[in-house]
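Remarks on the structure that follows.
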Amino acid sequence: RYSMIPPPTSKLPPSRRISSYPLDDLRETLSYLRRIYSPQIRGSQRYTRNIPLDTNGLIDNEIGLDELRADAFERSFTITWLTSLVSMTGEWDSSLDANDDSIQEWESLIQDAASLLALCSGPAGAGAITRDFVFHLGPTMERTFNVHIQDIALNNEDFASVGAQTWGGACVLAETIFGDPVPFGLSNTHELRILELGAGTGLVSLALGKLFESAGSLIPPRTIIATDYYPAVLKNLASNIELNFAESNIIESHFLDWSSFPNDTARPPPFHIPFDLVVGADVVYEPQHAIWIKSCLNILLQKPTPGRDPLFHLMVPLRATHTFEVNVIENTFAPSPLDVDDDPSKLSLVM
């Protein structure tokens, strides 16, 4: 029924015997449940080469996972099982010595189980969730880079909370960059300044930071500025930077208001110097956003010079509900051959 993916009713250990199961077995069980109820964000892992097998030697079948995820009985069974696991905290606390090294591992396990329990009850109740992203460099995909992202729960009363979630557009843009960094100008031998608009959780900036960090002193300095508008999003963005680069200052987070920035005469750091590369993933939700962004780019994007070809990359998901916004983007950045011939510094859309 679920295309080789066992349902929780046949996979989970009996609740009455949970306390007798080894820690590693329970951790593997939680990983199995997270695979179902905390799936990879749409758009991530879009590469189809070298598809990995799961721990049982079965190919990951997303259709089967979707069916399983929608099964109310299986979800209810999972909630009951996780509740049993979390409720045994007291039993383990009394059975473990305070100096036992494994007590922290058990506490981590229980926290993971509690997070999954909340997630099964709905995204808004899950609290902050840390996701792990793996990116593969180049066509051979031999080198891998790990990024850890904290998503904050959606709040139906706070529109800004959508910015504290990682969306598929950011995944696709980051994977596109790792697939071939050269078209993004990342192989340039001069110092690079990179700006991310509407960074949200910061996935794209963090992925770039990991790429540059691995090169170390082999490349000139790279500066990455991740920006957003909402205070709650910026706070979470700063936490994600700290989570991935606790001992590095390669990435900074800053407030940026697209609507007012073009009219501000003051250009405080880090916006006093234009950028070589500007990126944005799924950041246009209102028609005026595209107009504001172009106005900002006229100031924030470096002008072309010999040896420097500044670029702006915008990832735009094609949603049926945002057709008008997509048309506004195309019209705002419409290619104009005459303008480009007259002034190569004018912004123009390249599809």
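Ordering of the structure tokens sets the chain letters (A, B, ...); residue numbers start at 1 within each chain; ligands are numbered from 1 in the order shown.
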
- Item | Within 7 Å of range 188-201 of chain A using only C-alpha atoms, minus same-chain residues under 4 positions, as a ChimeraX atom specification | /A:149,151,163-166,205,219-228,233,236-237,240,275-280,283

- Task: Enumerate the residues of range 98-342 of chain A with a DSSP assignment of helix (DSSP H, G or I), computed from the backbone, and present them as a PyMOL selection string.
- Result: chain A and resi 102-120+123-125+159-164+168-179+182-184+203-218+231-244+261-263+287-300+320-332+337-342

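Those residues of range 183-281 of chain A that DSSP, working from the backbone, places in strand (DSSP E) are A:Leu192, A:Arg193, A:Ile194, A:Leu195, A:Glu196, A:Leu197, A:Arg222, A:Thr223, A:Ile224, A:Ile225, A:Ala226, A:Thr227, A:Asp228, A:Ile251, A:Glu252, A:Ser253, A:His254, A:Phe255, A:Leu277, A:Val278, A:Val279, A:Gly280, A:Ala281.
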
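Considering only C-alpha atoms, the residue among A:His136, A:Gly307, A:Thr78, A:Phe245 positioned nearest to Ala114 in chain A is A:Thr78.
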
- Query: So how far away is CA of Leu206 in chain A from CA of Tyr285 in chain A, in Å?
  - Reply: 23.0 Å

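Comparing A:Met315, A:Ile18, A:Ile250, A:Ala215 by their smallest distance to Ile177 in chain A, the closest is A:Met315 (using only C-alpha atoms).
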
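For the residues A:Arg131, A:Arg17, A:Pro8, A:Trp106, ranking by smallest atom-to-atom distance to Phe73 in chain A using only C-alpha atoms places A:Pro8 first.
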
- Query: Restricting the calculation to only C-alpha atoms, which member of A:Asp264, A:Tyr229, A:Gly138, A:Thr29 is positioned closest to Ser295 in chain A?
  - Reply: A:Asp264
